[in-house]
Amino acid sequence: MITLENVTKTYSDGTEAVKGVSFEIKDGNLCVLLGPSGCGKTTTMKMINRLIPITEGNIYIDSKDTKTMDENELRRDIGYAIQEIGLFPHMTVKDNIATVPTLKNWDKEKKEKRAEELLTLMGMDPDEFLEKYPTELSGGQKQRVGVARSLGADPPIMLMDEPFGAIDPITRDRLQDEFINIQEEIQKTIVFVTHDINEAIKMGDKVALMKDGELIQYSTPAELLAAAKNKFVRDFVGSDRTLKSLRLMKVEDAMKKSPRVVRKDDDLSEVASIMEEEDLTYLIVVEDGRKLKGWINRQDIESESGVVEDVMSESTGAAELGTSLAEGLTIMLERDVANLPVVDEYGTLQGIVTFNDLQSLIGETYTERGGKHPEVTQ
Ligand SMILES: Nc1ncnc2c1ncn2[C@@H]1O[C@H](COP(=O)(O)OP(=O)(O)OP(=O)(O)O)[C@@H](O)[C@H]1O
Ligand SMILES: [Mg+2]
């Protein structure tokens, strides 16, 4: 656990870069430091590995005051990746990744194995890249090597300052996804600096939003979107926060479980009377257990002889469990349907998300007009 306690940084020219900031980062969590340029993110981060000395306050790692620790030891146990990458140009990819292992006197074989492992983890072929020099790499590849290097000696803590900052949005998105997967596996305690709200929401377990050296709000991404503490947070999060919160939620958060279903070979007369009695305009059709087949619409039942299969519409799309609600909504809009079946990886029906449910869910995440969380004005 990393604990910041009333941490203040005043630079020698009098600039108050960080003012009395306190928060805690749990082991295995990724904490994003977020805020506009100059708000003190990098300064806060660099005080954790003492690249910048603290003016006042304390930073503890697992209850140990970092001021009492040996500076070099401290840095060797904290991985560090920065936007400008900072790869050593005269060293191969392999030697770059092995920087800290070299400082730790690992033997040659262990270092090579580690470099191979990390490149593979970052989705780069060791045979192709280990012996290359940084100038022979693309921007995105350099960033990956930078991240691999920061993971070199398997440090429990990682500091990452806009590690994906200097690359095109598409590669960046992919690197973020890859990194989320890697983090699930390696479970490091990470401080991740960005000024990009979308990146913060996507990556963070917690987000520390700063302004002019102060910590304004420290919460989960969902809370940041749903319960902004004041106008600054709301403005920073942006007016499309509804859509942003849909990216955070999954279809299973909004779906009704066990919707009413009919089978392909059910009699139309029976189905028609169920729809009549229960005032339904459609029903989901399944086969073999609960495998999604499609829909039957009330208006398509012209004659009551025959079976469901005669008049049903084949499935017009479904979302797998784990799909974000934003993606789910996109499917609904693209296919012009108001109901989205949710299936598991085998196509078995799990539930249904309706447009109405989605609307009320979005309503619940809005709190500023007299909702659950009273607004704090500043
Ligand atoms: N060495 C320094 N001496 C004096 N002032 C500094 C120094 N380094 C940073 N500052 C100032 O401290 C404040 C915080 O800087 P910091 O680099 O922490 O911001 P940041 O949030 O990381 O910004 P960015 O998003 O632009 O990287 C700024 O006003 C900056 O000008
Ligand atoms: Mg910075």
# chains A, B, ... in the order shown; residues from 1 in each chain; ligands from 1
>>> residues_around(residues="Glu314 of chain A", least_positions_apart="6", cutoff="10 Å", atoms="only C-alpha atoms", output="list in words")
Val285, Leu292, Lys293, Gly294, Trp295 and Ile296 of chain A
>>> write_last_selection(atoms="C-alpha atoms", output="PDB file, in the first residue's frame")
ATOM      1  CA  VAL A 285     -37.433 -17.564 -29.616  1.00  0.00           C
ATOM      2  CA  LEU A 292     -31.037 -17.781 -28.981  1.00  0.00           C
ATOM      3  CA  LYS A 293     -32.816 -18.197 -32.306  1.00  0.00           C
ATOM      4  CA  GLY A 294     -34.683 -14.939 -32.926  1.00  0.00           C
ATOM      5  CA  TRP A 295     -37.899 -13.063 -32.310  1.00  0.00           C
ATOM      6  CA  ILE A 296     -41.542 -13.414 -32.891  1.00  0.00           C
TER       7      ILE A 296
END
>>> select_by_dssp(residues="segment 116-219 of chain A", states="alpha helix (DSSP H)", output="PyMOL selection string")
chain A and resi 116-121+126-129+139-150+169-186+197-203
>>> write_last_selection(atoms="C-alpha atoms", output="tab-separated table (two decimals), in the first residue's frame")
chain	number	residue	atom	x	y	z
A	116	GLU	CA	12.31	-12.35	-23.66
A	117	GLU	CA	9.43	-12.87	-21.28
A	118	LEU	CA	8.60	-9.18	-21.09
A	119	LEU	CA	8.78	-8.58	-24.83
A	120	THR	CA	6.42	-11.49	-25.36
A	121	LEU	CA	4.12	-10.09	-22.70
A	126	PRO	CA	11.79	-11.53	-28.99
A	127	ASP	CA	13.62	-13.03	-31.98
A	128	GLU	CA	12.84	-9.97	-34.01
A	129	PHE	CA	13.39	-7.25	-31.45
A	139	GLY	CA	6.92	5.02	-31.60
A	140	GLY	CA	4.47	2.42	-30.33
A	141	GLN	CA	7.18	-0.23	-30.13
A	142	LYS	CA	9.42	2.13	-28.17
A	143	GLN	CA	6.62	2.75	-25.70
A	144	ARG	CA	6.13	-0.97	-25.22
A	145	VAL	CA	9.83	-1.47	-24.64
A	146	GLY	CA	9.66	1.43	-22.17
A	147	VAL	CA	6.88	-0.33	-20.28
A	148	ALA	CA	8.74	-3.66	-20.51
A	149	ARG	CA	11.83	-1.99	-19.08
A	150	SER	CA	9.88	-0.53	-16.17
A	169	PRO	CA	-5.14	7.11	-30.79
A	170	ILE	CA	-5.67	3.67	-32.33
A	171	THR	CA	-2.35	2.17	-31.20
A	172	ARG	CA	-2.90	3.87	-27.88
A	173	ASP	CA	-6.27	2.25	-27.43
A	174	ARG	CA	-4.75	-1.13	-28.20
A	175	LEU	CA	-1.84	-0.61	-25.81
A	176	GLN	CA	-4.31	0.37	-23.09
A	177	ASP	CA	-6.30	-2.82	-23.68
A	178	GLU	CA	-3.14	-4.90	-23.65
A	179	PHE	CA	-1.95	-3.23	-20.50
A	180	ILE	CA	-5.26	-3.86	-18.74
A	181	ASN	CA	-4.88	-7.56	-19.56
A	182	ILE	CA	-1.27	-7.59	-18.40
A	183	GLN	CA	-2.20	-5.85	-15.16
A	184	GLU	CA	-4.86	-8.47	-14.46
A	185	GLU	CA	-2.06	-10.99	-14.54
A	186	ILE	CA	0.75	-9.11	-12.79
A	197	ILE	CA	-10.23	11.62	-18.89
A	198	ASN	CA	-11.06	8.69	-21.16
A	199	GLU	CA	-7.78	6.97	-20.40
A	200	ALA	CA	-8.35	7.59	-16.68
A	201	ILE	CA	-11.83	6.07	-16.74
A	202	LYS	CA	-10.66	3.11	-18.74
A	203	MET	CA	-7.54	2.29	-16.77
>>> residues_near_ligand(ligand="ligand 1", cutoff="12 Å", atoms="only C-alpha atoms and all ligand atoms", output="PyMOL selection string")
chain A and resi 8-19+32-47+51-53+82-84+160-163+165+192-196+208-215
>>> closest_residue(among="A:Ser313, A:Thr323, A:Thr3, A:Ser138", to="Glu345 of chain A", atoms="only C-alpha atoms")
A:Thr323
>>> residues_around(residues="Val271 of chain A", least_positions_apart="5", cutoff="8 Å", atoms="only C-alpha atoms", output="PyMOL selection string")
chain A and resi 262+266+308
>>> write_last_selection(atoms="C-alpha atoms", output="short mmCIF file (atom, residue, chain, number, x, y, z; two decimals), in the first residue's frame")
data_model
loop_
_atom_site.label_atom_id
_atom_site.label_comp_id
_atom_site.auth_asym_id
_atom_site.auth_seq_id
_atom_site.Cartn_x
_atom_site.Cartn_y
_atom_site.Cartn_z
CA VAL A 262 -41.03 -19.46 -26.73
CA ASP A 266 -44.61 -23.94 -30.23
CA VAL A 308 -43.44 -20.14 -34.33
#
>>> residues_around(residues="segment 98-112 of chain A", least_positions_apart="5", cutoff="7 Å", atoms="only C-alpha atoms", output="list in words")
Arg76, Arg149, Gly152 and Ala153 of chain A
>>> write_last_selection(atoms="C-alpha atoms", output="PDB file, in the first residue's frame")
ATOM      1  CA  ARG A  76      15.106  -0.240  -7.841  1.00  0.00           C
ATOM      2  CA  ARG A 149      11.827  -1.993 -19.081  1.00  0.00           C
ATOM      3  CA  GLY A 152      12.282  -5.374 -15.702  1.00  0.00           C
ATOM      4  CA  ALA A 153      13.052  -6.555 -12.205  1.00  0.00           C
TER       5      ALA A 153
END
>>> select_by_dssp(residues="segment 33-253 of chain A", states="strand (DSSP E)", output="NGL selection string")
:A and (33-34 or 56-61 or 64-65 or 78-82 or 157-161 or 189-194 or 206-211 or 214-219)
>>> write_last_selection(atoms="C-alpha atoms", output="compact mmCIF listing (two decimals), in the first residue's frame")
# COMPACT_ATOMS: atom_id res chain seq x y z
CA LEU A 33 -3.40 10.91 -11.30
CA LEU A 34 -5.55 13.10 -13.51
CA GLU A 56 6.22 18.68 3.83
CA GLY A 57 4.23 15.60 4.73
CA ASN A 58 5.04 11.92 4.34
CA ILE A 59 4.82 9.10 1.86
CA TYR A 60 4.69 5.56 3.20
CA ILE A 61 5.11 2.29 1.34
CA LYS A 64 7.42 2.43 5.97
CA ASP A 65 8.32 6.12 5.69
CA ILE A 78 9.74 0.91 -8.18
CA GLY A 79 9.36 0.56 -11.94
CA TYR A 80 9.32 3.83 -13.80
CA ALA A 81 7.98 4.51 -17.29
CA ILE A 82 7.67 7.95 -18.81
CA ILE A 157 5.18 -0.79 -7.65
CA MET A 158 5.11 0.99 -10.99
CA LEU A 159 5.07 4.71 -11.71
CA MET A 160 3.93 5.54 -15.22
CA ASP A 161 3.87 9.13 -16.48
CA THR A 189 0.43 -1.34 -7.54
CA ILE A 190 0.47 1.38 -10.17
CA VAL A 191 0.46 5.15 -10.20
CA PHE A 192 -0.51 6.22 -13.69
CA VAL A 193 -0.40 9.87 -14.77
CA THR A 194 -2.58 11.17 -17.56
CA LYS A 206 -9.26 4.86 -8.54
CA VAL A 207 -8.82 8.33 -9.98
CA ALA A 208 -7.18 11.22 -8.15
CA LEU A 209 -8.31 14.38 -9.89
CA MET A 210 -6.05 17.35 -9.16
CA LYS A 211 -6.27 21.08 -9.78
CA GLU A 214 -4.77 20.23 -4.73
CA LEU A 215 -6.57 16.90 -4.73
CA ILE A 216 -10.15 17.72 -5.68
CA GLN A 217 -11.75 14.26 -5.83
CA TYR A 218 -10.47 10.77 -5.16
CA SER A 219 -12.90 8.09 -6.21
>>> atom_distance(atom1="atom CA of Ser315 of chain A", atom2="atom CA of Gly351 of chain A")
14.1 Å
>>> residues_around(residues="Gly322 of chain A", least_positions_apart="6", cutoff="8 Å", atoms="only C-alpha atoms", output="list of chain:residue names")
A:Lys250, A:Val251, A:Glu252
>>> write_last_selection(atoms="C-alpha atoms", output="short mmCIF file (atom, residue, chain, number, x, y, z; two decimals), in the first residue's frame")
data_model
loop_
_atom_site.label_atom_id
_atom_site.label_comp_id
_atom_site.auth_asym_id
_atom_site.auth_seq_id
_atom_site.Cartn_x
_atom_site.Cartn_y
_atom_site.Cartn_z
CA LYS A 250 -21.64 -4.09 -18.71
CA VAL A 251 -24.76 -5.45 -20.34
CA GLU A 252 -25.26 -7.74 -17.36
#
>>> atom_distance(atom1="atom CA of Val337 of chain A", atom2="atom CA of Asp265 of chain A")
24.3 Å
>>> residues_around(residues="Ser269 of chain A", least_positions_apart="3", cutoff="12 Å", atoms="only C-alpha atoms", output="PyMOL selection string")
chain A and resi 265-266+272-276+298+301-308
>>> residues_around(residues="Leu243 of chain A", least_positions_apart="4", cutoff="9 Å", atoms="only C-alpha atoms", output="short mmCIF file (atom, residue, chain, number, x, y, z; two decimals) with C-alpha atoms, in the first residue's frame")
data_model
loop_
_atom_site.label_atom_id
_atom_site.label_comp_id
_atom_site.auth_asym_id
_atom_site.auth_seq_id
_atom_site.Cartn_x
_atom_site.Cartn_y
_atom_site.Cartn_z
CA ARG A 247 -18.56 2.43 -21.25
CA LEU A 325 -23.40 -0.95 -22.32
CA ALA A 326 -21.99 1.62 -24.74
CA ILE A 362 -28.79 6.43 -17.21
#
